[in-house]
Structure formats: structure tokens, C-alpha cells
file final18.txt (compact mmCIF, C-alpha atoms)
# COMPACT_ATOMS: atom_id res chain seq x y z
CA MET E 338 -18.50 -49.77 32.28
CA ASN E 339 -14.98 -49.75 31.01
CA PHE E 340 -13.34 -46.36 30.28
CA ARG E 341 -10.01 -45.30 28.83
CA LEU E 342 -8.73 -42.10 30.45
CA LEU E 343 -5.95 -39.88 29.08
CA TYR E 344 -4.09 -37.42 31.33
CA PHE E 345 -2.16 -34.32 30.25
CA ALA E 346 0.15 -31.77 31.82
CA SER E 347 -0.23 -31.36 35.59
CA LEU E 348 -2.94 -34.05 35.79
CA ALA E 349 -0.56 -36.56 34.19
CA ASP E 350 2.18 -35.54 36.64
CA ARG E 351 -0.14 -35.94 39.61
CA ALA E 352 -1.62 -39.26 38.40
CA GLY E 353 1.87 -40.50 37.57
CA ARG E 354 0.64 -41.78 34.23
CA ALA E 355 -0.54 -40.56 30.80
CA GLU E 356 -3.43 -43.00 30.53
CA GLU E 357 -5.30 -45.70 32.35
CA THR E 358 -8.21 -48.06 31.86
CA ARG E 359 -10.88 -48.10 34.58
CA GLU E 360 -13.93 -50.12 35.48
CA SER E 361 -16.47 -47.69 36.95
CA ALA E 362 -20.17 -47.30 37.66
CA ALA E 363 -19.93 -43.56 36.83
CA ASP E 364 -22.42 -42.67 34.11
CA THR E 365 -21.34 -39.03 33.60
CA PRO E 366 -17.96 -37.21 33.40
CA ARG E 367 -19.03 -35.41 36.58
CA ALA E 368 -19.21 -38.69 38.52
CA LEU E 369 -16.09 -40.10 36.90
CA TYR E 370 -14.03 -37.00 37.73
CA ALA E 371 -15.08 -37.16 41.38
CA GLU E 372 -13.88 -40.75 41.44
CA VAL E 373 -10.45 -40.24 39.82
CA ALA E 374 -9.82 -36.88 41.53
CA SER E 375 -10.21 -38.59 44.87
CA LEU E 376 -8.09 -41.56 43.76
CA HIS E 377 -5.17 -39.52 42.34
CA GLY E 378 -5.50 -36.45 44.56
CA PHE E 379 -6.27 -34.01 41.71
CA ALA E 380 -6.43 -30.52 43.18
CA PHE E 381 -8.33 -28.79 40.34
CA ASP E 382 -11.90 -27.77 41.02
CA ARG E 383 -14.03 -29.31 38.31
CA GLU E 384 -15.13 -25.79 37.25
CA ARG E 385 -11.60 -25.08 36.02
CA LEU E 386 -11.48 -28.14 33.75
CA ARG E 387 -13.11 -29.09 30.47
CA VAL E 388 -13.98 -32.64 29.51
CA ALA E 389 -13.82 -34.45 26.16
CA VAL E 390 -15.28 -37.82 25.24
CA ASN E 391 -14.01 -39.66 22.18
CA GLY E 392 -12.18 -36.59 20.94
CA ALA E 393 -15.00 -34.00 21.28
CA PHE E 394 -15.83 -31.53 24.06
CA VAL E 395 -18.93 -32.55 26.04
CA GLY E 396 -20.84 -31.28 29.07
CA TRP E 397 -20.31 -32.68 32.56
CA ASP E 398 -23.67 -34.50 32.44
CA HIS E 399 -23.00 -36.21 29.09
CA ALA E 400 -24.12 -39.87 29.19
CA LEU E 401 -21.04 -42.09 29.17
CA ALA E 402 -21.00 -45.35 27.25
CA ASP E 403 -18.88 -48.45 27.68
CA ARG E 404 -15.37 -48.15 26.17
CA ASP E 405 -15.53 -44.32 25.93
CA GLU E 406 -12.24 -42.42 25.87
CA VAL E 407 -12.60 -39.72 28.54
CA VAL E 408 -10.17 -36.81 28.98
CA PHE E 409 -10.25 -34.16 31.73
CA LEU E 410 -8.45 -31.10 30.34
CA PRO E 411 -6.54 -28.71 32.61
CA PRO E 412 -6.50 -25.00 31.63
CA VAL E 413 -4.55 -24.80 28.36
CA SER E 414 -1.36 -22.77 27.81
CA GLY E 415 -0.42 -23.03 24.14
CA GLY E 416 0.66 -20.20 21.92
CA MET Z 1311 16.31 33.90 -5.67
CA ASN Z 1312 17.07 30.69 -7.47
CA PHE Z 1313 15.08 27.55 -6.51
CA ARG Z 1314 15.22 23.92 -7.53
CA LEU Z 1315 11.76 22.34 -7.59
CA LEU Z 1316 11.03 18.59 -7.70
CA TYR Z 1317 7.65 17.26 -8.85
CA PHE Z 1318 6.14 13.88 -8.04
CA ALA Z 1319 3.12 11.84 -9.12
CA SER Z 1320 0.23 13.86 -10.52
CA LEU Z 1321 2.08 17.17 -10.14
CA ALA Z 1322 4.94 15.82 -12.29
CA ASP Z 1323 2.42 14.64 -14.90
CA ARG Z 1324 0.71 18.02 -14.96
CA ALA Z 1325 3.98 20.00 -15.05
CA GLY Z 1326 5.34 17.67 -17.72
CA ARG Z 1327 8.61 17.41 -15.83
CA ALA Z 1328 10.16 15.90 -12.68
CA GLU Z 1329 12.19 19.00 -11.80
CA GLU Z 1330 12.92 22.54 -12.78
CA THR Z 1331 15.05 25.50 -11.72
CA ARG Z 1332 13.26 28.83 -11.26
CA GLU Z 1333 14.20 32.43 -10.62
CA SER Z 1334 11.52 33.85 -8.36
CA ALA Z 1335 10.86 36.69 -5.94
CA ALA Z 1336 8.73 34.35 -3.76
CA ASP Z 1337 10.05 34.33 -0.20
CA THR Z 1338 7.76 31.57 1.19
CA PRO Z 1339 6.51 28.21 -0.14
CA ARG Z 1340 3.02 29.77 -0.06
CA ALA Z 1341 4.02 32.42 -2.59
CA LEU Z 1342 6.07 30.01 -4.68
CA TYR Z 1343 3.21 27.51 -4.93
CA ALA Z 1344 0.80 30.21 -6.10
CA GLU Z 1345 3.30 31.05 -8.83
CA VAL Z 1346 3.97 27.53 -10.14
CA ALA Z 1347 0.34 26.39 -9.68
CA SER Z 1348 -0.74 29.17 -11.99
CA LEU Z 1349 2.08 28.47 -14.44
CA HIS Z 1350 1.53 24.69 -14.71
CA GLY Z 1351 -2.20 24.64 -14.00
CA PHE Z 1352 -1.96 22.59 -10.77
CA ALA Z 1353 -5.49 21.84 -9.59
CA PHE Z 1354 -4.70 20.92 -5.96
CA ASP Z 1355 -5.78 23.37 -3.29
CA ARG Z 1356 -2.73 24.24 -1.25
CA GLU Z 1357 -4.47 22.82 1.86
CA ARG Z 1358 -4.24 19.32 0.38
CA LEU Z 1359 -0.48 19.50 -0.16
CA ARG Z 1360 2.54 19.44 2.13
CA VAL Z 1361 5.79 21.21 1.40
CA ALA Z 1362 9.41 20.20 2.03
CA VAL Z 1363 12.51 22.37 1.78
CA ASN Z 1364 15.93 20.74 1.49
CA GLY Z 1365 14.51 17.35 2.41
CA ALA Z 1366 12.51 18.32 5.52
CA PHE Z 1367 8.85 19.21 5.98
CA VAL Z 1368 8.29 22.94 6.63
CA GLY Z 1369 5.33 25.27 7.09
CA TRP Z 1370 3.90 27.33 4.25
CA ASP Z 1371 5.39 30.54 5.70
CA HIS Z 1372 8.93 29.14 6.05
CA ALA Z 1373 11.52 31.70 4.89
CA LEU Z 1374 13.03 30.52 1.60
CA ALA Z 1375 16.71 31.01 0.86
CA ASP Z 1376 18.58 31.16 -2.41
CA ARG Z 1377 19.29 27.71 -3.93
CA ASP Z 1378 16.71 25.93 -1.74
CA GLU Z 1379 15.27 22.64 -3.02
CA VAL Z 1380 11.50 23.02 -2.73
CA VAL Z 1381 9.02 20.16 -3.13
CA PHE Z 1382 5.21 20.39 -3.10
CA LEU Z 1383 3.93 16.96 -2.07
CA PRO Z 1384 0.58 15.64 -3.29
CA PRO Z 1385 -1.40 13.37 -0.92
CA VAL Z 1386 0.67 10.18 -0.54
CA SER Z 1387 -0.50 6.67 -1.43
CA GLY Z 1388 2.20 4.23 -0.41
CA GLY Z 1389 1.66 0.95 1.42
CA MET A 1206 20.16 2.93 13.02
CA MET A 1207 18.10 2.92 9.82
CA ARG A 1208 14.90 1.05 10.63
CA PHE A 1209 13.14 2.05 7.39
CA ARG A 1210 14.41 1.70 3.87
CA LEU A 1211 13.27 1.88 0.27
CA SER A 1212 14.18 -0.92 -2.12
CA ASP A 1213 14.09 -0.95 -5.91
CA THR A 1214 14.54 -4.73 -5.97
CA PRO A 1215 12.28 -7.52 -4.65
CA LEU A 1216 12.19 -7.65 -0.84
CA ASP A 1217 14.01 -10.49 0.92
CA ILE A 1218 12.14 -10.78 4.21
CA GLY A 1219 14.24 -13.68 5.46
CA THR A 1220 17.18 -11.32 5.75
CA GLU A 1221 15.21 -8.33 7.06
CA ARG A 1222 13.60 -10.16 9.92
CA ARG A 1223 16.86 -11.30 11.45
CA ALA A 1224 17.21 -7.74 12.79
CA LEU A 1225 14.19 -8.45 15.01
CA ASP A 1226 15.59 -11.51 16.81
CA HIS A 1227 15.81 -11.02 20.57
CA ALA A 1228 15.98 -13.69 23.30
CA ALA A 1229 13.44 -11.75 25.37
CA ALA A 1230 10.94 -11.45 22.51
CA GLY A 1231 8.01 -13.86 22.71
CA ALA A 1232 5.93 -12.24 19.98
CA TYR A 1233 6.49 -11.24 16.36
CA ALA A 1234 3.81 -9.48 14.31
CA SER A 1235 4.24 -8.63 10.66
CA PHE A 1236 2.29 -6.98 7.90
CA GLU A 1237 2.82 -7.26 4.16
CA GLY A 1238 1.14 -5.25 1.43
CA TRP A 1239 0.74 -7.23 -1.79
CA VAL A 1240 -0.24 -5.85 -5.20
CA ARG A 1241 -3.95 -6.64 -5.66
CA ASP A 1242 -5.59 -7.43 -9.00
CA HIS A 1243 -8.42 -4.98 -8.32
CA ASN A 1244 -9.13 -1.58 -6.76
CA GLU A 1245 -12.36 0.37 -6.52
CA GLY A 1246 -13.99 -2.09 -8.91
CA ARG A 1247 -11.33 -1.84 -11.64
CA ALA A 1248 -9.03 -4.66 -12.81
CA VAL A 1249 -5.43 -3.76 -12.07
CA GLN A 1250 -2.60 -5.08 -14.26
CA ARG A 1251 0.47 -3.68 -12.47
CA LEU A 1252 1.54 -0.59 -10.56
CA ASP A 1253 4.45 1.75 -10.07
CA TYR A 1254 5.61 3.28 -6.81
CA GLN A 1255 7.43 6.59 -6.93
CA ALA A 1256 9.11 8.10 -3.86
CA TYR A 1257 10.77 11.33 -2.83
CA ALA A 1258 13.62 9.13 -1.62
CA ALA A 1259 15.52 11.41 0.78
CA LEU A 1260 12.40 12.53 2.66
CA ALA A 1261 10.79 9.07 2.52
CA ALA A 1262 13.86 7.60 4.24
CA SER A 1263 13.97 10.19 7.02
CA GLU A 1264 10.19 10.24 7.56
CA GLY A 1265 10.02 6.43 7.53
CA ASP A 1266 12.85 6.26 10.05
CA ALA A 1267 11.10 8.81 12.27
CA ILE A 1268 7.96 6.64 12.29
CA LEU A 1269 9.88 3.50 13.23
CA ASP A 1270 11.83 5.27 15.97
CA GLU A 1271 8.57 6.71 17.29
CA ALA A 1272 7.02 3.21 17.34
CA VAL A 1273 9.94 1.80 19.35
CA ALA A 1274 9.54 4.67 21.84
CA ARG A 1275 5.71 4.48 22.08
CA PHE A 1276 5.20 0.72 22.34
CA ALA A 1277 6.85 -1.95 24.52
CA VAL A 1278 8.66 -3.54 21.58
CA ARG A 1279 12.18 -4.88 21.13
CA GLU A 1280 12.71 -3.89 17.48
CA ALA A 1281 10.73 -2.75 14.44
CA ARG A 1282 11.61 -2.55 10.75
CA CYS A 1283 9.92 -1.57 7.50
CA VAL A 1284 10.93 -1.85 3.85
CA HIS A 1285 8.94 -0.32 1.00
CA ARG A 1286 9.36 -1.14 -2.69
CA VAL A 1287 9.69 1.50 -5.38
CA GLY A 1288 9.52 0.93 -9.14
CA SER A 1289 7.29 -1.34 -11.20
CA LEU A 1290 5.42 -4.19 -9.47
CA ALA A 1291 3.22 -7.04 -10.77
CA ILE A 1292 0.14 -8.64 -9.17
CA GLY A 1293 1.15 -10.58 -6.05
CA ASP A 1294 4.45 -8.70 -5.60
CA LEU A 1295 5.40 -7.57 -2.12
CA ALA A 1296 5.07 -3.76 -1.90
CA VAL A 1297 5.73 -3.17 1.78
CA TRP A 1298 6.77 -5.22 4.81
CA VAL A 1299 6.55 -4.27 8.49
CA GLY A 1300 8.00 -6.50 11.21
CA VAL A 1301 7.89 -6.00 14.98
CA SER A 1302 9.25 -8.11 17.85
CA ALA A 1303 8.08 -7.66 21.45
CA ASP A 1304 7.91 -9.53 24.73
CA HIS A 1305 4.11 -9.76 24.47
CA ARG A 1306 1.67 -9.93 21.57
CA ASP A 1307 -0.41 -6.88 22.49
CA ALA A 1308 2.49 -4.51 21.86
CA ALA A 1309 3.63 -6.40 18.75
CA PHE A 1310 0.19 -6.16 17.10
CA SER A 1311 -0.43 -2.55 18.17
CA ALA A 1312 2.95 -1.30 16.98
CA CYS A 1313 2.75 -3.18 13.67
CA ARG A 1314 -0.69 -1.73 12.91
CA TRP A 1315 0.37 1.77 13.95
CA ILE A 1316 3.49 1.65 11.76
CA ILE A 1317 1.72 0.64 8.55
CA ASP A 1318 -1.00 3.25 9.16
CA GLU A 1319 1.60 6.00 9.70
CA VAL A 1320 3.70 4.91 6.71
CA LYS A 1321 0.64 5.10 4.47
CA ARG A 1322 -0.31 8.48 5.93
CA ARG A 1323 3.05 10.25 6.10
CA VAL A 1324 5.78 8.75 3.90
CA PRO A 1325 6.11 10.49 0.49
CA ILE A 1326 5.45 7.50 -1.77
CA TRP A 1327 2.89 7.51 -4.58
CA LYS A 1328 1.14 4.63 -6.28
CA ASN A 1329 0.29 4.72 -10.00
CA GLU A 1330 -2.12 1.95 -10.97
CA HIS A 1331 -2.23 0.59 -14.50
CA TYR A 1332 -5.59 -0.88 -15.38
CA LEU A 1333 -6.44 -3.72 -17.73
CA ASP A 1334 -8.34 -1.25 -19.94
CA GLY A 1335 -5.06 0.58 -20.64
CA GLU A 1336 -5.70 3.59 -18.44
CA SER A 1337 -3.58 4.51 -15.44
CA GLY A 1338 -3.77 6.97 -12.59
CA TRP A 1339 -2.20 8.22 -9.40
CA LEU A 1340 -4.05 7.33 -6.23
CA HIS A 1341 -5.13 9.11 -3.10
CA PRO A 1342 -4.35 7.70 0.35
CA ASP A 1343 -7.80 6.11 0.42
CA ASN A 1344 -7.08 4.42 -2.94
CA THR A 1345 -9.53 6.61 -4.85
CA PRO A 1346 -8.16 8.22 -8.01
CA VAL A 1347 -6.55 11.64 -8.01
CA ASP A 1348 -8.42 13.89 -10.37
CA THR A 1349 -6.29 16.98 -10.91
CA THR A 1350 -8.45 18.29 -13.74
CA THR A 1351 -11.24 19.50 -11.48
CA MET H 270 -9.41 -28.44 4.28
CA MET H 271 -7.09 -28.57 7.29
CA ARG H 272 -6.19 -24.99 8.16
CA PHE H 273 -4.60 -25.87 11.52
CA ARG H 274 -1.95 -28.43 12.23
CA LEU H 275 0.46 -29.55 14.90
CA SER H 276 4.09 -30.13 14.03
CA ASP H 277 6.75 -32.02 15.97
CA THR H 278 9.50 -30.61 13.74
CA PRO H 279 10.66 -26.97 13.22
CA LEU H 280 8.10 -24.90 11.31
CA ASP H 281 8.86 -23.98 7.69
CA ILE H 282 6.84 -20.81 7.20
CA GLY H 283 7.98 -20.31 3.63
CA THR H 284 5.98 -23.38 2.64
CA GLU H 285 3.00 -22.67 4.90
CA ARG H 286 2.39 -19.18 3.63
CA ARG H 287 2.04 -20.20 0.01
CA ALA H 288 -1.46 -21.44 0.92
CA LEU H 289 -2.41 -17.79 1.55
CA ASP H 290 -1.52 -16.43 -1.90
CA HIS H 291 -4.48 -14.88 -3.69
CA ALA H 292 -4.45 -12.36 -6.55
CA ALA H 293 -7.20 -10.36 -4.84
CA ALA H 294 -5.35 -10.18 -1.51
CA GLY H 295 -3.65 -6.86 -0.81
CA ALA H 296 -2.86 -7.52 2.83
CA TYR H 297 -1.10 -10.25 4.79
CA ALA H 298 -0.84 -10.22 8.57
CA SER H 299 1.07 -12.80 10.55
CA PHE H 300 1.88 -13.59 14.14
CA GLU H 301 4.66 -15.76 15.51
CA GLY H 302 5.15 -16.89 19.07
CA TRP H 303 8.83 -17.35 19.94
CA VAL H 304 10.22 -19.05 23.04
CA ARG H 305 11.25 -16.26 25.44
CA ASP H 306 14.18 -16.44 27.85
CA HIS H 307 12.04 -15.19 30.75
CA ASN H 308 8.54 -15.48 32.20
CA GLU H 309 7.08 -13.95 35.34
CA GLY H 310 10.56 -12.87 36.41
CA ARG H 311 12.19 -16.29 36.06
CA ALA H 312 14.95 -17.22 33.59
CA VAL H 313 13.67 -19.85 31.15
CA GLN H 314 16.03 -22.39 29.63
CA ARG H 315 13.71 -24.31 27.30
CA LEU H 316 10.13 -25.57 27.21
CA ASP H 317 8.01 -28.50 26.13
CA TYR H 318 4.60 -28.35 24.50
CA GLN H 319 2.26 -31.27 25.02
CA ALA H 320 -1.01 -31.59 23.08
CA TYR H 321 -4.11 -33.76 23.06
CA ALA H 322 -3.46 -34.16 19.36
CA ALA H 323 -6.81 -35.34 18.01
CA LEU H 324 -8.83 -32.67 19.80
CA ALA H 325 -6.20 -29.95 19.19
CA ALA H 326 -6.43 -30.58 15.46
CA SER H 327 -10.23 -30.45 15.34
CA GLU H 328 -10.53 -27.46 17.69
CA GLY H 329 -7.77 -25.58 15.86
CA ASP H 330 -9.48 -26.24 12.55
CA ALA H 331 -12.80 -25.04 13.96
CA ILE H 332 -11.15 -21.75 15.02
CA LEU H 333 -9.61 -21.17 11.60
CA ASP H 334 -12.84 -21.99 9.78
CA GLU H 335 -14.71 -19.64 12.11
CA ALA H 336 -12.17 -16.88 11.37
CA VAL H 337 -12.65 -17.27 7.62
CA ALA H 338 -16.43 -17.05 8.11
CA ARG H 339 -16.35 -14.09 10.55
CA PHE H 340 -13.79 -11.83 8.85
CA ALA H 341 -13.43 -10.64 5.23
CA VAL H 342 -10.31 -12.72 4.63
CA ARG H 343 -9.13 -14.86 1.72
CA GLU H 344 -7.32 -17.56 3.68
CA ALA H 345 -5.99 -18.26 7.17
CA ARG H 346 -3.58 -20.88 8.52
CA CYS H 347 -1.99 -21.80 11.82
CA VAL H 348 0.72 -24.28 12.82
CA HIS H 349 1.67 -25.04 16.44
CA ARG H 350 4.80 -26.88 17.56
CA VAL H 351 4.76 -29.73 20.03
CA GLY H 352 7.80 -31.27 21.73
CA SER H 353 10.93 -29.68 23.14
CA LEU H 354 11.85 -26.09 22.11
CA ALA H 355 14.84 -23.87 22.82
CA ILE H 356 15.00 -20.07 23.35
CA GLY H 357 14.19 -18.29 20.08
CA ASP H 358 12.41 -21.29 18.53
CA LEU H 359 9.16 -20.71 16.71
CA ALA H 360 6.28 -22.13 18.79
CA VAL H 361 3.25 -20.99 16.78
CA TRP H 362 2.60 -19.24 13.48
CA VAL H 363 -0.63 -17.60 12.28
CA GLY H 364 -0.96 -16.19 8.76
CA VAL H 365 -3.94 -14.41 7.21
CA SER H 366 -4.47 -12.93 3.73
CA ALA H 367 -7.24 -10.46 2.96
CA ASP H 368 -8.17 -7.75 0.48
CA HIS H 369 -7.69 -5.05 3.13
CA ARG H 370 -5.49 -4.73 6.19
CA ASP H 371 -8.25 -4.17 8.74
CA ALA H 372 -9.61 -7.68 8.27
CA ALA H 373 -6.13 -9.23 8.07
CA PHE H 374 -5.05 -7.72 11.41
CA SER H 375 -8.36 -8.41 13.17
CA ALA H 376 -8.54 -12.03 12.05
CA CYS H 377 -4.89 -12.71 12.89
CA ARG H 378 -5.30 -11.33 16.40
CA TRP H 379 -8.56 -13.18 16.94
CA ILE H 380 -7.05 -16.50 15.82
CA ILE H 381 -4.04 -16.40 18.15
CA ASP H 382 -6.26 -15.35 21.07
CA GLU H 383 -8.69 -18.22 20.41
CA VAL H 384 -5.89 -20.75 19.88
CA LYS H 385 -4.39 -19.80 23.23
CA ARG H 386 -7.80 -19.95 24.89
CA ARG H 387 -9.29 -23.10 23.38
CA VAL H 388 -6.77 -25.51 21.83
CA PRO H 389 -5.66 -28.32 24.21
CA ILE H 390 -1.92 -27.61 24.26
CA TRP H 391 0.11 -27.25 27.46
CA LYS H 392 3.41 -25.50 28.04
CA ASN H 393 5.95 -26.84 30.54
CA GLU H 394 8.71 -24.34 31.26
CA HIS H 395 12.13 -25.43 32.41
CA TYR H 396 13.91 -22.77 34.45
CA LEU H 397 17.61 -22.08 34.75
CA ASP H 398 17.43 -23.00 38.45
CA GLY H 399 16.50 -26.56 37.46
CA GLU H 400 12.81 -26.36 38.35
CA SER H 401 10.01 -26.77 35.85
CA GLY H 402 6.27 -26.31 35.81
CA TRP H 403 3.10 -26.38 33.78
CA LEU H 404 1.60 -23.01 33.01
CA HIS H 405 -1.82 -21.45 33.12
CA PRO H 406 -3.24 -19.57 30.10
CA ASP H 407 -2.03 -16.31 31.66
CA ASN H 408 1.50 -17.77 31.95
CA THR H 409 1.32 -18.02 35.73
CA PRO H 410 2.31 -21.37 37.23
CA VAL H 411 -0.20 -24.15 37.86
CA ASP H 412 -0.18 -25.03 41.52
CA THR H 413 -2.06 -28.31 41.90
CA THR H 414 -0.96 -28.84 45.48
CA THR H 415 -3.34 -26.25 46.96

call {"tool": "encode", "arguments": {"input": "final18.txt", "output": "C-alpha cells"}}
result
Amino acid sequence: MNFRLLYFASLADRAGRAEETRESAADTPRALYAEVASLHGFAFDRERLRVAVNGAFVGWDHALADRDEVVFLPPVSGG
Amino acid sequence: MNFRLLYFASLADRAGRAEETRESAADTPRALYAEVASLHGFAFDRERLRVAVNGAFVGWDHALADRDEVVFLPPVSGG
Amino acid sequence: MMRFRLSDTPLDIGTERRALDHAAAGAYASFEGWVRDHNEGRAVQRLDYQAYAALAASEGDAILDEAVARFAVREARCVHRVGSLAIGDLAVWVGVSADHRDAAFSACRWIIDEVKRRVPIWKNEHYLDGESGWLHPDNTPVDTTT
Amino acid sequence: MMRFRLSDTPLDIGTERRALDHAAAGAYASFEGWVRDHNEGRAVQRLDYQAYAALAASEGDAILDEAVARFAVREARCVHRVGSLAIGDLAVWVGVSADHRDAAFSACRWIIDEVKRRVPIWKNEHYLDGESGWLHPDNTPVDTTT
């Protein structure tokens, strides 16, 4: 499947990019994070992140679909 | 002794005036309040009021002096 | 420094709050009391605030100084209107700046509670039915006839 | 109704707060987050806020709607800056109107806490010594190298 990934804050710094498009066999955010964390050397444990698909928070075992926009969200620090 | 009394809110309404000057033998606010409460028909128990002399809160047994400004303060309702 | 003042003209908060600016302050909490159109089930048309001005100023200042000493805040100010106010008018403003929001919120809440409890200001509500009356601190009517 | 929004230009609170006016509201509580010149013992020069805009808007709106449902308030609004901010700049504003001050204070505090906890916005502090870093929710530095 084809995914669009957005990166923010420290994940964007580490990946060296704000977004990318990936071909992947991952069918859940859990599998996809394992793949990109290994690729880009993300240091965050998955437990410390949240994940959003197409602009809404989802669980780590959410079923991904082709062309989904997937975002792994580091701990926030607004306010 | 000669006292200047100021009245506020419901006490002013009941006394029909905002201030008055009184000759009195009262030597404490406690005695002076008993006198003017009887005169003007104030319905407040003394326990519900506070008293100020010359612009500062004092106790009911404060020693009054000639020409003191004495104010009996009804429960406040600012804010 | 006078941190509390009475005003017989409409409050200009834009000016007041400049006193709270501080480069180390990350949090600002404020409270405003507005004239409501109702109280205890009665329709309110307008109200008057009367103050024992000299004592209100010194007692208000004592509260603000106490707040700055008790809480980890940078600055705190309060202005209270006196005179005749219409529905929606600003009756009282409290502003607090602090490094962190906990202290800003706590001090702001403490100040308005103490001002309502201690400062000699009285509210006279005028109702739509033509009656009026002085209020207690809990906003119930004073009944001096009983 | 959009009760939360992001802004990439300086916040104009005078305009925002008009949405909170209500003849039945006797209390208004607000919170502002200002850019501080220090954090965790380091001198801060400026900071940048980055947001996942689409999700920040919907999550922020969900928080404000939840606040209006949970607390006895008349209206509640929040605006958060994104982009580059200098010391003293306004980063976030929360305003709440209510009939009584208890609800106004409680809702205001709850909203800023939830916004800081849930809305996808990230703060990058630039220090006087030339370093910079993304922050955790507790304002400690993110260390992604360990």
C-alpha cells in the first residue's frame, strides 16, 4: 500500500524531512512505526507516541488503507 | 466626646443620612453602636457588622477619642 | 505601590495590565466581574456600587500585597468600579502574572474571593419591577426590617 | 461553531473576547501564556510553535465543546499561536464567560490543561547560548538520542 507520512518536531528533525510517501506492506500503524523507526533511527518508544490517520487519532491496531495519511505524534508541548 | 459617623448601604438608608456628628459619652464602638442602633432603628446584630475608626478596622472595645471618625460597616457585597 | 484602586469611570484594562508585564512571566490569569441581567431569580436592570473609599483602598491594597507575598507571582492588580453600572458593564478586574500557571490561577482566585469578602463596597441592585435593594455577600437581599 | 483556532499572526484578544459577551454572564476568567525568558534554568531567546494544523483544530474544538458541556459556562474560546515568537509574546489565550465565578475559573483551568495535554502543538526553544530543542509537555527537553 502507498502511505503519506507527516513528521513533526523531533521526529521531523531526526527523519530530516517533514513528510514522505512510502510503499509498505504494513497493515497497522504499529507495523508501520516499527518500519520507519528502524529506517530513520527514531528513539521514541511507541508507548510515548500517539498516531493519527487522515486527521483523526486512532489505535495502534487500526486497519490501514491505501493512500492513508499517517502521522506519529511525539509528546506535545503547546500552551 | 464628639464623633463623626459615616453610614453606608442599608444603614445609610435606615438612618436617612450618609453622615452625622454626635455628642456622646460612649467610650467604645460597642457602646456607640448600641446608642445609634436604638436611635435609628438599625436591625443588624452587632456580630454581623465590622467597625472602623479613622479609616482602619478596630475591635468593638477600641478606646474612642474625641473627634474620631467612626463607621459601622454592614456585610459587604462588592465584586 | 498601589495595587488596588477604585474607579468611578469605565475600566480600561489595556492600560491596567501593562503593570503586569514581566519577561520572566509565562502565565497571566485574569478575572472580570460583569453586571448580570439576573440575580436570585429576579431581572436586574442596573446596579450601583457604593464604597467607603479610604478603607476600601487600604484594605484592597493589603489584599494584593498579601497575594504577592503568599503566591509565586510577579505582579497582581485589581480595579473596582463605583457608581452606576448597566448590564454587561465591567464591575471588577483582577490580573495576575506569574512564571507558572498554577500560581497565577490560585492567586487570581484568592484575590477576588478576598476582595468580595473584605473590601467595604456595597452593591445596590435595581430590578425591572422598580424595586431595589442592598445585597449580602452571597447576593441574597439585605432585610434590615427583621 | 469553531471555538478553537490556530493563528500565525499576533493574537487580538479584544476581538476574540467579544464572542463571550452574554447578558446573563457575571464572571469572565481568562488565561494567557506568554513567552518566558527562561526555562529549566536556561536563558530563552525566542521560540517556535509547530502544529499538525488539521488535527490541532479538531482536537482543540473538541476540548472547548467538552468544556461547555461539562461546566456551567456561557461560552469558551481559545486561540493558539504558531510560528516564531519573541519574549513577552502571547502564545495562547483562553477565555470563559459564566454566570458565576466558580465555573468560569474551573473551566478556564481545565481548558488550558487539556490543550497542553492533547493538542498536537510543539514548542522549540532557542537558547541564548545558540542551542535549541523541542520540549516535552513538562517543559523538559526531548532527548531522542537515548

call {"tool": "closest_atom_pairs", "arguments": {"input": "final18.txt", "of": "chain Z", "to": "chain A", "cutoff": "12 Å", "atoms": "only C-alpha atoms", "output": "CSV"}}
result
residue,atom,partner,partner_atom,distance
Z:Leu1316,CA,A:Tyr1257,CA,8.7
Z:Tyr1317,CA,A:Tyr1257,CA,9.0
Z:Phe1318,CA,A:Tyr1257,CA,7.4
Z:Ala1319,CA,A:Trp1327,CA,6.3
Z:Ser1320,CA,A:Trp1339,CA,6.2
Z:Leu1321,CA,A:Thr1349,CA,8.4
Z:Ala1322,CA,A:Trp1339,CA,10.8
Z:Asp1323,CA,A:Trp1339,CA,9.6
Z:Arg1324,CA,A:Thr1349,CA,8.2
Z:Ala1325,CA,A:Thr1349,CA,11.5
Z:Ala1328,CA,A:Tyr1257,CA,10.9
Z:Glu1329,CA,A:Tyr1257,CA,11.9
Z:Ala1347,CA,A:Thr1349,CA,11.6
Z:His1350,CA,A:Thr1349,CA,11.6
Z:Gly1351,CA,A:Thr1350,CA,8.9
Z:Phe1352,CA,A:Thr1349,CA,7.1
Z:Ala1353,CA,A:Thr1349,CA,5.1
Z:Phe1354,CA,A:Thr1349,CA,6.5
Z:Asp1355,CA,A:Thr1349,CA,10.0
Z:Arg1358,CA,A:His1341,CA,10.8
Z:Leu1359,CA,A:Pro1325,CA,11.2
Z:Arg1360,CA,A:Pro1325,CA,9.8
Z:Val1361,CA,A:Pro1325,CA,10.8
Z:Ala1362,CA,A:Leu1260,CA,8.3
Z:Val1363,CA,A:Leu1260,CA,9.9
Z:Asn1364,CA,A:Leu1260,CA,9.0
Z:Gly1365,CA,A:Leu1260,CA,5.3
Z:Ala1366,CA,A:Leu1260,CA,6.5
Z:Phe1367,CA,A:Leu1260,CA,8.3
Z:Val1368,CA,A:Leu1260,CA,11.9
Z:Glu1379,CA,A:Ala1259,CA,11.9
Z:Val1380,CA,A:Tyr1257,CA,11.7
Z:Val1381,CA,A:Tyr1257,CA,9.0
Z:Phe1382,CA,A:Pro1325,CA,10.6
Z:Leu1383,CA,A:Pro1325,CA,7.3
Z:Pro1384,CA,A:Pro1325,CA,8.4
Z:Pro1385,CA,A:His1341,CA,6.1
Z:Val1386,CA,A:Trp1327,CA,5.3
Z:Ser1387,CA,A:Pro1342,CA,4.4
Z:Gly1388,CA,A:Ile1326,CA,4.8
Z:Gly1389,CA,A:Lys1321,CA,5.3

call {"tool": "atom_distance", "arguments": {"input": "final18.txt", "atom1": "CA of Tyr297 in chain H", "atom2": "CA of Glu1280 in chain A"}}
result
19.8 Å

call {"tool": "atom_distance", "arguments": {"input": "final18.txt", "atom1": "CA of Ile356 in chain H", "atom2": "CA of Arg305 in chain H"}}
result
5.7 Å

call {"tool": "residues_around", "arguments": {"input": "final18.txt", "residues": "Ser299 in chain H", "least_positions_apart": "2", "cutoff": "12 Å", "atoms": "all atoms listed in the file", "output": "ChimeraX atom specification"}}
result
/A:1232-1238,1298-1302,1306,1309-1310,1313-1314 /H:282,285-286,289,296-297,301-302,344-348,361-367,370,373-381

call {"tool": "closest_residue", "arguments": {"input": "final18.txt", "among": "Z:Arg1327, Z:Arg1356, Z:Asp1378, Z:Asn1312", "to": "Ala1341 in chain Z", "atoms": "all atoms listed in the file"}}
result
Z:Arg1356
